[in-house]
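> Here's a structure for you.
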Amino acid sequence: MNICCIGAGYVGGPSMAVIADKCPHIQVNIVDINEKRIKSWNDPDLSKLPIYEPGLDKIIKRCRGSNLHFSTDIENHIAKADMIFISVNTPTKTKGYGAGQAIDLKYVEASTRKISEFAKGETIIVEKSTLPVKTAETIKKILEVSNKNNPQKRFFVLSNPEFLAEGTAINDLLFPERVLIGGDNLEAINLLSNIYTNWIDVSKIITTNLWSSELSKLIANAFLAQRVSSINSVTALCEATGANIKDVSLAIGTDKRIGKYFLNPGPGFGGSCFKKDILNLVYICNHYGLYEISSYWEGIININNWQKKRLTKLIVEKLFGTISGKKIAILGFAFKANTNDTRESPAIDISNDLLKEGAILSIYDPRVSYDQIKNDLDNKDKLYDQNSKEGEWIYQEDIYKATKNADAIVILTESDEFKVLDWSEISKNIRYPSWVFDTKGLCNTNEALTFDINVWTLGQG
Ligand code: NAD
Ligand code: UGA
């Protein structure tokens, strides 16, 4: 069997690598229009792979060049494939009809048109990207044209959304809680299912129609984001009342009906998907005239934005109402620990707001490159005074250099190294009175207190 995956990103790369690893009898070709990305996937130096995921490098080492290949030769690999996964990006539209909410399906459409042109014989098309419900209808319509012109071509469309989370992608792919397959052709469903049963128990495979599968993915992300916004809304209530968010999380999470997962408070959810998928849900609800439902889901995004803003305000207030010219160390810039992905990271909005107030940020995140931070902070929304000496940021590769002369330290991710900071070392070089703002509630704050550093912990006041 020959598989082609269009899109060598955070989903296409790891998910296909795991298929190749678990199914040595299948040839897996991952293709992309981005030459630089493909070059990095083929780099002999595995530390240069385009995405960082624990365990991914070992799989690439085992399979690359044997049954796993990365290439820009899209047409050729489409032509050879029995099954094609569409795993391209599906960003929110920035212009035109539906801008700011609807998904821009141009990459999905471009991929489908390529498949329509170059596929041969019978081909199963698998939606791996997260798509608006009913996208399979659009894909089928485009493919039908090709089928009319060339009756030997036959296409079967399946929906097989991906539920992996970044930072734990390999584990999530090896031990998924479920695999969802939506479709209307039993043979095609079975062929895809048979790939997964090479390492996953058949009881974990859920099959539905296309629309339930497409919609379930959006709803899963909306429910997860809803939990984060819910717990984040409670942080403010804890701070106002003297309750402690850790106690509240534990107390409610032990109720099985609520469950203990996804109750960790933070500076707001980030990542490429929660916001875009909820906005898409809002758009779909509005499209069907379900306005009450759309405003219900929109509330989750509003709380998320509010949480980020309130953190900046609080930092300014604690630092005597002004941070102009003050050095603030930002520890953690990715949208969460163990990833180099900064898409929609709360650190971007928080940093931009602090820069607008004139702060000098010293940013530390060993997974994120200088160029990425530059791209996130300098190219967009640079409203702060670019000619002033105020509102600058610098990149630091060492925590203790980052915190040197700092008036405040802001911890934004749950990276392990932030749990064991050497406060004795930090205290030697910070500027007193000094603050640490722990937005993850994981820092060894008691120790910081012994060095007369003021500590503010989210949800604890
Ligand atoms: P990504 O941006 O990392 O990767 C997408 C890749 O598709 C890019 O490398 C891009 O160059 C390529 N591409 C776009 N158009 C193409 C075309 N016409 N031909 C060939 N290649 C093309 O995106 P991602 O994070 O991997 O997400 C992909 C999809 O998976 C999205 O729909 C997303 O919502 C969904 N998803 C993402 C995650 C995640 O953790 N990132 C998890 C589950 C689902
Ligand atoms: C999320 C989902 O968890 C995946 O199931 C889904 O496949 C994926 O989106 C997607 O469709 O893209 P991901 O965004 O990689 O995965 O990461 P999460 O672990 O879900 O975290 C998302 C954001 O929520 C992060 O900023 C994280 O810090 C925040 N979060 C998460 C919290 O603040 N508290 C929590 O308890 C959990």
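So you can find residues: chains in the structure tokens are A, B, ... in the order shown, residues in each start at 1, and ligands are numbered from 1 in order.
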So that I can check the surroundings of segment 120-135 of chain A, please list as a CSV table (one decimal) with N, CA and C atoms, in the first residue's frame every protein, DNA and RNA residue that reaches within 6 Å of it, counting only C-alpha atoms and ignoring chain neighbours fewer than 5 positions away.


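Contents of part-v4.csv, freshly written:
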```csv
chain,number,residue,atom,x,y,z
A,79,ALA,N,-0.1,10.6,-7.6
A,79,ALA,CA,-0.4,9.6,-8.7
A,79,ALA,C,-0.2,8.2,-8.2
A,82,ASP,N,-2.6,5.1,-3.0
A,82,ASP,CA,-3.9,4.4,-2.8
A,82,ASP,C,-4.7,5.2,-1.9
A,83,MET,N,-4.1,5.9,-0.9
A,83,MET,CA,-4.8,6.7,0.1
A,83,MET,C,-4.1,8.0,0.3
A,84,ILE,N,-4.8,9.1,0.3
A,84,ILE,CA,-4.2,10.4,0.4
A,84,ILE,C,-4.8,11.2,1.6
A,85,PHE,N,-4.0,11.5,2.5
A,85,PHE,CA,-4.4,12.3,3.7
A,85,PHE,C,-4.2,13.8,3.3
A,86,ILE,N,-5.3,14.6,3.6
A,86,ILE,CA,-5.1,16.0,3.5
A,86,ILE,C,-4.9,16.6,4.9
A,87,SER,N,-3.7,17.1,5.0
A,87,SER,CA,-3.3,17.6,6.4
A,87,SER,C,-2.7,19.0,6.3
A,152,GLN,N,-12.2,6.1,-15.1
A,152,GLN,CA,-11.4,5.1,-14.3
A,152,GLN,C,-11.1,5.6,-13.0
A,153,LYS,N,-11.1,6.9,-12.8
A,153,LYS,CA,-10.8,7.4,-11.5
A,153,LYS,C,-12.0,7.3,-10.6
A,154,ARG,N,-11.8,6.8,-9.4
A,154,ARG,CA,-12.9,6.7,-8.4
A,154,ARG,C,-12.3,7.2,-7.0
A,155,PHE,N,-13.1,8.0,-6.4
A,155,PHE,CA,-12.7,8.6,-5.1
A,155,PHE,C,-13.7,8.2,-4.0
A,156,PHE,N,-13.1,8.0,-2.8
A,156,PHE,CA,-13.9,7.7,-1.6
A,156,PHE,C,-13.4,8.7,-0.5
A,157,VAL,N,-14.3,9.5,0.0
A,157,VAL,CA,-13.9,10.5,0.9
A,157,VAL,C,-14.2,10.1,2.4
A,158,LEU,N,-13.2,10.2,3.2
A,158,LEU,CA,-13.4,9.9,4.7
A,158,LEU,C,-12.9,11.1,5.5
A,159,SER,N,-13.5,11.1,6.7
A,159,SER,CA,-13.1,12.1,7.7
A,159,SER,C,-12.4,11.4,8.8
A,160,ASN,N,-11.1,11.8,9.1
A,160,ASN,CA,-10.4,11.1,10.2
A,160,ASN,C,-9.6,12.2,11.0
A,161,PRO,N,-10.4,13.0,11.7
A,161,PRO,CA,-9.7,14.1,12.4
A,161,PRO,C,-8.6,13.7,13.4
A,211,TRP,N,-20.5,13.8,8.5
A,211,TRP,CA,-20.8,15.1,9.2
A,211,TRP,C,-20.6,15.0,10.7
A,214,GLU,N,-16.7,15.2,11.2
A,214,GLU,CA,-16.2,16.6,11.0
A,214,GLU,C,-16.6,17.5,12.2
A,215,LEU,N,-17.9,17.4,12.6
A,215,LEU,CA,-18.4,18.2,13.7
A,215,LEU,C,-17.8,17.8,15.0
```

> Would you pick out the contacts of Ile301 of chain A at 10 Å or less, using only C-alpha atoms, so that residues sharing its chain but fewer than 6 positions from it are not included, and give the list as a PyMOL selection string?

chain A and resi 222+225-226+229+268-269+274-276+278-279+307

> Could the residues in this selection be written to a file with N, CA, C and O atoms, as an mmCIF file, in the first residue's frame?


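Written output follows (part-v1.cif):
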```
data_model
loop_
_atom_site.group_PDB
_atom_site.id
_atom_site.type_symbol
_atom_site.label_atom_id
_atom_site.label_comp_id
_atom_site.auth_asym_id
_atom_site.auth_seq_id
_atom_site.Cartn_x
_atom_site.Cartn_y
_atom_site.Cartn_z
ATOM 1 N N ALA A 222 -13.760 22.748 21.182
ATOM 2 C CA ALA A 222 -14.553 23.777 21.860
ATOM 3 C C ALA A 222 -14.752 23.404 23.338
ATOM 4 O O ALA A 222 -14.636 24.251 24.227
ATOM 5 N N ALA A 225 -11.391 23.921 25.214
ATOM 6 C CA ALA A 225 -11.130 25.355 25.430
ATOM 7 C C ALA A 225 -12.096 25.911 26.474
ATOM 8 O O ALA A 225 -11.744 26.770 27.292
ATOM 9 N N GLN A 226 -13.309 25.384 26.463
ATOM 10 C CA GLN A 226 -14.318 25.840 27.427
ATOM 11 C C GLN A 226 -13.859 25.560 28.860
ATOM 12 O O GLN A 226 -14.048 26.381 29.754
ATOM 13 N N SER A 229 -11.203 28.158 29.770
ATOM 14 C CA SER A 229 -11.807 29.464 30.082
ATOM 15 C C SER A 229 -12.586 29.397 31.394
ATOM 16 O O SER A 229 -12.603 30.362 32.166
ATOM 17 N N GLY A 268 -4.154 31.960 29.644
ATOM 18 C CA GLY A 268 -5.081 31.897 28.504
ATOM 19 C C GLY A 268 -4.622 30.798 27.579
ATOM 20 O O GLY A 268 -3.435 30.495 27.511
ATOM 21 N N PHE A 269 -5.562 30.179 26.870
ATOM 22 C CA PHE A 269 -5.132 29.120 25.949
ATOM 23 C C PHE A 269 -4.560 29.732 24.689
ATOM 24 O O PHE A 269 -4.964 30.790 24.239
ATOM 25 N N PHE A 274 -7.484 26.095 19.009
ATOM 26 C CA PHE A 274 -8.673 26.370 19.831
ATOM 27 C C PHE A 274 -9.427 27.598 19.323
ATOM 28 O O PHE A 274 -10.633 27.551 19.092
ATOM 29 N N LYS A 275 -8.695 28.697 19.160
ATOM 30 C CA LYS A 275 -9.375 29.936 18.771
ATOM 31 C C LYS A 275 -9.993 29.799 17.379
ATOM 32 O O LYS A 275 -11.158 30.120 17.180
ATOM 33 N N LYS A 276 -9.209 29.293 16.456
ATOM 34 C CA LYS A 276 -9.726 29.213 15.077
ATOM 35 C C LYS A 276 -10.922 28.257 14.987
ATOM 36 O O LYS A 276 -11.894 28.528 14.287
ATOM 37 N N ILE A 278 -13.065 27.463 17.422
ATOM 38 C CA ILE A 278 -14.261 28.037 18.061
ATOM 39 C C ILE A 278 -14.842 29.140 17.183
ATOM 40 O O ILE A 278 -16.065 29.225 16.995
ATOM 41 N N LEU A 279 -13.961 29.948 16.598
ATOM 42 C CA LEU A 279 -14.467 30.999 15.697
ATOM 43 C C LEU A 279 -15.242 30.369 14.537
ATOM 44 O O LEU A 279 -16.288 30.860 14.118
ATOM 45 N N GLN A 307 -8.472 37.313 30.126
ATOM 46 C CA GLN A 307 -7.437 36.800 31.033
ATOM 47 C C GLN A 307 -6.067 37.381 30.675
ATOM 48 O O GLN A 307 -5.310 37.801 31.545
#
```

> Considering only strand (DSSP E or B) as DSSP defines it on the backbone, what residues of segment 339-419 of chain A qualify? List them as a list of chain:residue names.

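In segment 339-419 of chain A, DSSP puts these residues in strand (DSSP E or B): A:Ile360, A:Leu361, A:Ser362, A:Ile363, A:Tyr364, A:Glu392, A:Trp393, A:Ile394, A:Tyr395, A:Gln396, A:Ala408, A:Ile409, A:Val410, A:Ile411.
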
> Take the residues from that selection and write them out as a CSV table (one decimal), in the first residue's frame, keeping N, CA, C and O atoms.


```
chain,number,residue,atom,x,y,z
A,360,ILE,N,11.1,46.8,28.9
A,360,ILE,CA,12.2,46.2,28.2
A,360,ILE,C,12.1,44.7,28.5
A,360,ILE,O,12.4,44.3,29.7
A,361,LEU,N,11.7,43.9,27.5
A,361,LEU,CA,11.5,42.5,27.8
A,361,LEU,C,12.8,41.7,27.5
A,361,LEU,O,13.4,41.9,26.5
A,362,SER,N,13.0,40.7,28.4
A,362,SER,CA,14.1,39.8,28.2
A,362,SER,C,13.5,38.4,28.1
A,362,SER,O,13.0,37.9,29.1
A,363,ILE,N,13.5,37.9,26.9
A,363,ILE,CA,12.7,36.7,26.6
A,363,ILE,C,13.5,35.4,26.6
A,363,ILE,O,14.5,35.3,25.9
A,364,TYR,N,13.1,34.4,27.4
A,364,TYR,CA,13.8,33.2,27.4
A,364,TYR,C,12.8,32.0,27.1
A,364,TYR,O,11.8,31.8,27.7
A,392,GLU,N,11.4,47.7,24.2
A,392,GLU,CA,12.3,46.8,23.4
A,392,GLU,C,12.3,45.4,23.9
A,392,GLU,O,11.9,45.2,25.1
A,393,TRP,N,12.7,44.5,23.1
A,393,TRP,CA,12.9,43.1,23.6
A,393,TRP,C,14.2,42.6,23.2
A,393,TRP,O,14.7,42.9,22.2
A,394,ILE,N,14.7,41.7,24.1
A,394,ILE,CA,16.0,41.0,23.7
A,394,ILE,C,15.8,39.5,24.0
A,394,ILE,O,14.9,39.1,24.8
A,395,TYR,N,16.5,38.8,23.2
A,395,TYR,CA,16.5,37.3,23.3
A,395,TYR,C,17.5,36.8,24.2
A,395,TYR,O,18.7,37.2,24.1
A,396,GLN,N,17.2,35.9,25.1
A,396,GLN,CA,18.2,35.4,26.0
A,396,GLN,C,18.2,33.9,26.0
A,396,GLN,O,17.2,33.2,26.0
A,408,ALA,N,10.9,42.4,37.3
A,408,ALA,CA,9.8,41.4,37.4
A,408,ALA,C,10.2,40.2,36.5
A,408,ALA,O,10.9,40.4,35.5
A,409,ILE,N,9.7,39.1,36.9
A,409,ILE,CA,9.8,37.8,36.2
A,409,ILE,C,8.4,37.3,35.9
A,409,ILE,O,7.7,37.2,36.9
A,410,VAL,N,8.1,37.0,34.7
A,410,VAL,CA,6.8,36.5,34.4
A,410,VAL,C,6.9,35.1,33.8
A,410,VAL,O,7.5,34.9,32.7
A,411,ILE,N,6.3,34.2,34.5
A,411,ILE,CA,6.4,32.8,34.0
A,411,ILE,C,5.2,32.4,33.2
A,411,ILE,O,4.0,32.5,33.8
```

> What residues of the protein or nucleic acid chains come within 7 Å of ligand 2 when you use only C-alpha atoms and all ligand atoms? Reply as an NGL selection string.

:A and (130 or 162-167 or 221 or 224-225 or 228 or 261-274 or 335-336 or 345 or 413)

> Could you turn the residues from that selection into a file that holds C-alpha atoms, as a PDB file, in the first residue's frame?


```
ATOM      1  CA  THR A 130      -9.803  20.070  11.067  1.00  0.00           C
ATOM      2  CA  GLU A 162      -6.567  14.258  14.510  1.00  0.00           C
ATOM      3  CA  PHE A 163      -6.771  14.664  18.287  1.00  0.00           C
ATOM      4  CA  LEU A 164      -3.061  14.865  19.123  1.00  0.00           C
ATOM      5  CA  ALA A 165      -1.835  17.684  21.330  1.00  0.00           C
ATOM      6  CA  GLU A 166       1.525  19.295  20.713  1.00  0.00           C
ATOM      7  CA  GLY A 167       4.296  18.330  23.091  1.00  0.00           C
ATOM      8  CA  ASN A 221     -11.740  21.455  20.795  1.00  0.00           C
ATOM      9  CA  LEU A 224     -11.494  21.603  25.873  1.00  0.00           C
ATOM     10  CA  ALA A 225     -11.130  25.355  25.430  1.00  0.00           C
ATOM     11  CA  VAL A 228      -9.686  26.317  30.243  1.00  0.00           C
ATOM     12  CA  TYR A 261      -7.956  16.948  33.402  1.00  0.00           C
ATOM     13  CA  PHE A 262      -7.734  20.341  31.738  1.00  0.00           C
ATOM     14  CA  LEU A 263      -8.360  22.235  34.948  1.00  0.00           C
ATOM     15  CA  ASN A 264      -4.967  23.930  35.096  1.00  0.00           C
ATOM     16  CA  PRO A 265      -5.270  27.705  35.141  1.00  0.00           C
ATOM     17  CA  GLY A 266      -2.962  29.813  33.022  1.00  0.00           C
ATOM     18  CA  PRO A 267      -2.471  33.000  31.042  1.00  0.00           C
ATOM     19  CA  GLY A 268      -5.081  31.897  28.504  1.00  0.00           C
ATOM     20  CA  PHE A 269      -5.132  29.120  25.949  1.00  0.00           C
ATOM     21  CA  GLY A 270      -2.969  29.428  22.883  1.00  0.00           C
ATOM     22  CA  GLY A 271      -2.063  27.137  20.016  1.00  0.00           C
ATOM     23  CA  SER A 272      -3.080  27.173  16.420  1.00  0.00           C
ATOM     24  CA  CYS A 273      -6.443  25.514  16.861  1.00  0.00           C
ATOM     25  CA  PHE A 274      -8.673  26.370  19.831  1.00  0.00           C
ATOM     26  CA  PHE A 335       2.024  28.438  23.678  1.00  0.00           C
ATOM     27  CA  LYS A 336       2.898  25.696  26.162  1.00  0.00           C
ATOM     28  CA  SER A 345       0.706  31.971  22.251  1.00  0.00           C
ATOM     29  CA  THR A 413       4.658  28.179  30.464  1.00  0.00           C
TER      30      THR A 413
END
```

> In Å, rounded to a single decimal, give me how far atom CA of Val234 of chain A is from atom CA of Ile328 of chain A.

26.5 Å

> As a PyMOL selection string, please: the residues near Pro91 of chain A (cut-off 10 Å, only C-alpha atoms, same-chain neighbours under 5 positions excluded).

chain A and resi 100-107+130+272-273+276-277+280

> Would you output that residue set with N, CA and C atoms, as a CSV table (one decimal), in the first residue's frame?


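Listing of result25.csv after writing:
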```
chain,number,residue,atom,x,y,z
A,100,GLY,N,-12.3,36.7,9.9
A,100,GLY,CA,-12.2,36.8,11.3
A,100,GLY,C,-12.9,35.6,12.0
A,101,GLN,N,-13.7,34.8,11.2
A,101,GLN,CA,-14.4,33.7,11.8
A,101,GLN,C,-14.3,32.4,10.9
A,102,ALA,N,-14.7,32.6,9.7
A,102,ALA,CA,-14.8,31.4,8.8
A,102,ALA,C,-13.4,30.8,8.5
A,103,ILE,N,-13.3,29.5,8.2
A,103,ILE,CA,-12.0,28.9,7.8
A,103,ILE,C,-11.7,29.2,6.4
A,104,ASP,N,-10.5,29.5,6.1
A,104,ASP,CA,-10.0,29.7,4.7
A,104,ASP,C,-9.7,28.3,4.2
A,105,LEU,N,-10.5,27.9,3.3
A,105,LEU,CA,-10.3,26.5,2.8
A,105,LEU,C,-9.4,26.5,1.5
A,106,LYS,N,-8.7,27.6,1.2
A,106,LYS,CA,-8.0,27.6,0.0
A,106,LYS,C,-6.9,26.5,-0.2
A,107,TYR,N,-6.3,26.2,1.0
A,107,TYR,CA,-5.2,25.1,0.9
A,107,TYR,C,-5.9,23.7,0.7
A,130,THR,N,-8.5,19.7,10.4
A,130,THR,CA,-9.8,20.1,11.1
A,130,THR,C,-10.6,21.0,10.1
A,272,SER,N,-2.5,26.8,17.7
A,272,SER,CA,-3.1,27.2,16.4
A,272,SER,C,-4.6,26.9,16.3
A,273,CYS,N,-5.1,26.1,17.2
A,273,CYS,CA,-6.4,25.5,16.9
A,273,CYS,C,-7.6,26.0,17.7
A,276,LYS,N,-9.2,29.3,16.5
A,276,LYS,CA,-9.7,29.2,15.1
A,276,LYS,C,-10.9,28.3,15.0
A,277,ASP,N,-10.9,27.2,15.7
A,277,ASP,CA,-12.0,26.2,15.7
A,277,ASP,C,-13.2,26.7,16.3
A,280,ASN,N,-14.7,29.3,14.1
A,280,ASN,CA,-15.4,28.6,13.0
A,280,ASN,C,-16.8,28.0,13.4
```

> As number ranges by chain, which residues of segment 88-312 of chain A does DSSP assign to helix (DSSP H, G or I)?

A: 106-118, 135-149, 169-174, 186-196, 202-204, 210-241, 245-253, 274-287, 291-312

> What does the distance from atom CA of Leu218 of chain A to atom 33 (C, counted along the ligand's line) of ligand 1 come to in Å, to one decimal?

10.4 Å

> With a distance cut-off of 9 Å and only C-alpha atoms, select the neighbouring residues of segment 194-204 of chain A, excluding the residue or stretch itself and same-chain residues fewer than 2 positions from it, and output the selection as a ChimeraX atom specification.

/A:19,22-23,26,174-180,189-192,206

> Using only C-alpha atoms and all ligand atoms, find the one residue out of A:Leu442, A:Ala402, A:Cys63, A:Val88 that sits nearest to ligand 1.

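With only C-alpha atoms and all ligand atoms as the atom set, the closest residue is A:Val88.
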
> How many Å lie between atom CA of Asn338 of chain A and atom CA of Asp43 of chain A, rounded to one decimal?

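It comes out at 21.0 Å.
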
> Which polymer residues have any atom within 12 Å of an atom of segment 247-251 of chain A, counting only C-alpha atoms, with same-chain residues fewer than 4 positions away left out, as a VMD selection string?

chain A and resid 227 to 228 230 to 232 234 to 235 237 to 238 242 to 243 255 to 256 258 to 265 441 459 to 460

> Could those residues be written to a file, using N, CA and C atoms, as a short mmCIF file (atom, residue, chain, number, x, y, z; two decimals), in the first residue's frame?


```
data_model
loop_
_atom_site.label_atom_id
_atom_site.label_comp_id
_atom_site.auth_asym_id
_atom_site.auth_seq_id
_atom_site.Cartn_x
_atom_site.Cartn_y
_atom_site.Cartn_z
N ARG A 227 -13.23 24.41 29.05
CA ARG A 227 -12.74 24.08 30.40
C ARG A 227 -11.65 25.05 30.83
N VAL A 228 -10.77 25.40 29.89
CA VAL A 228 -9.69 26.32 30.24
C VAL A 228 -10.27 27.69 30.59
N SER A 230 -13.23 28.27 31.65
CA SER A 230 -14.00 28.15 32.90
C SER A 230 -13.07 28.27 34.10
N ILE A 231 -11.98 27.49 34.07
CA ILE A 231 -11.08 27.52 35.23
C ILE A 231 -10.38 28.88 35.33
N ASN A 232 -10.07 29.47 34.18
CA ASN A 232 -9.43 30.80 34.22
C ASN A 232 -10.39 31.85 34.78
N VAL A 234 -12.44 31.33 37.07
CA VAL A 234 -12.47 31.11 38.51
C VAL A 234 -11.21 31.66 39.20
N THR A 235 -10.11 31.80 38.43
CA THR A 235 -8.88 32.33 39.06
C THR A 235 -9.15 33.72 39.62
N LEU A 237 -11.92 34.96 40.56
CA LEU A 237 -12.83 34.85 41.71
C LEU A 237 -12.06 34.41 42.95
N CYS A 238 -11.10 33.51 42.76
CA CYS A 238 -10.26 33.06 43.88
C CYS A 238 -9.46 34.23 44.42
N GLY A 242 -10.06 35.04 48.28
CA GLY A 242 -9.15 34.33 49.18
C GLY A 242 -9.20 32.82 49.02
N ALA A 243 -9.97 32.34 48.07
CA ALA A 243 -9.92 30.90 47.77
C ALA A 243 -8.65 30.63 46.95
N ASP A 255 -14.57 14.82 41.34
CA ASP A 255 -15.90 14.36 40.90
C ASP A 255 -15.75 13.81 39.48
N LYS A 256 -15.99 12.50 39.34
CA LYS A 256 -15.75 11.86 38.04
C LYS A 256 -16.53 12.53 36.92
N ILE A 258 -17.01 15.56 36.50
CA ILE A 258 -16.27 16.74 36.03
C ILE A 258 -14.91 16.31 35.48
N GLY A 259 -14.20 15.48 36.24
CA GLY A 259 -12.90 14.97 35.77
C GLY A 259 -11.77 15.94 36.11
N LYS A 260 -10.57 15.36 36.29
CA LYS A 260 -9.47 16.19 36.80
C LYS A 260 -8.64 16.84 35.70
N TYR A 261 -8.83 16.42 34.45
CA TYR A 261 -7.96 16.95 33.40
C TYR A 261 -8.42 18.31 32.90
N PHE A 262 -7.44 19.05 32.36
CA PHE A 262 -7.73 20.34 31.74
C PHE A 262 -8.36 21.33 32.71
N LEU A 263 -7.90 21.27 33.95
CA LEU A 263 -8.36 22.24 34.95
C LEU A 263 -7.19 23.06 35.47
N ASN A 264 -6.12 23.14 34.66
CA ASN A 264 -4.97 23.93 35.10
C ASN A 264 -5.12 25.37 34.62
N PRO A 265 -5.12 26.31 35.55
CA PRO A 265 -5.27 27.71 35.14
C PRO A 265 -4.01 28.20 34.45
N GLY A 441 1.28 28.70 38.38
CA GLY A 441 1.17 28.17 39.74
C GLY A 441 2.07 26.99 39.99
N GLY A 459 -4.58 32.94 40.56
CA GLY A 459 -5.62 32.21 41.29
C GLY A 459 -5.36 32.13 42.78
N GLN A 460 -4.29 32.81 43.24
CA GLN A 460 -4.01 32.79 44.68
C GLN A 460 -3.87 34.20 45.24
#
```

> If you count only C-alpha atoms, which residues fall within 9 Å of Ile38 of chain A, apart from same-chain ones fewer than 5 positions away, as a VMD selection string?

chain A and resid 8 30 to 33 43 50 70 to 72

> Taking C-alpha atoms for each residue, export the selection above as a PDB file, in the first residue's frame.


```pdb
ATOM      1  CA  ALA A   8       4.218  18.184   6.381  1.00  0.00           C
ATOM      2  CA  ILE A  30       4.730  13.233   3.018  1.00  0.00           C
ATOM      3  CA  VAL A  31       4.633  16.094   0.542  1.00  0.00           C
ATOM      4  CA  ASP A  32       4.549  19.855   0.966  1.00  0.00           C
ATOM      5  CA  ILE A  33       4.820  22.998  -1.132  1.00  0.00           C
ATOM      6  CA  ASP A  43      18.149  17.078   7.379  1.00  0.00           C
ATOM      7  CA  PRO A  50      11.100  21.567  11.576  1.00  0.00           C
ATOM      8  CA  PHE A  70       9.535  13.714   2.607  1.00  0.00           C
ATOM      9  CA  SER A  71       9.264  15.383  -0.767  1.00  0.00           C
ATOM     10  CA  THR A  72       8.034  18.373  -2.763  1.00  0.00           C
TER      11      THR A  72
END
```

> Taking only C-alpha atoms into account, name the residue in A:Lys58, A:Ile6, A:Glu117, A:Phe418 that is nearest to Asp73 of chain A.

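Looking at the shortest contact to Asp73 of chain A, the residue is A:Ile6.
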
> Between A:Thr339, A:Asn67, A:Thr94, A:Thr241, single out the one closest to ligand 1, counting only C-alpha atoms and all ligand atoms.

A:Thr339
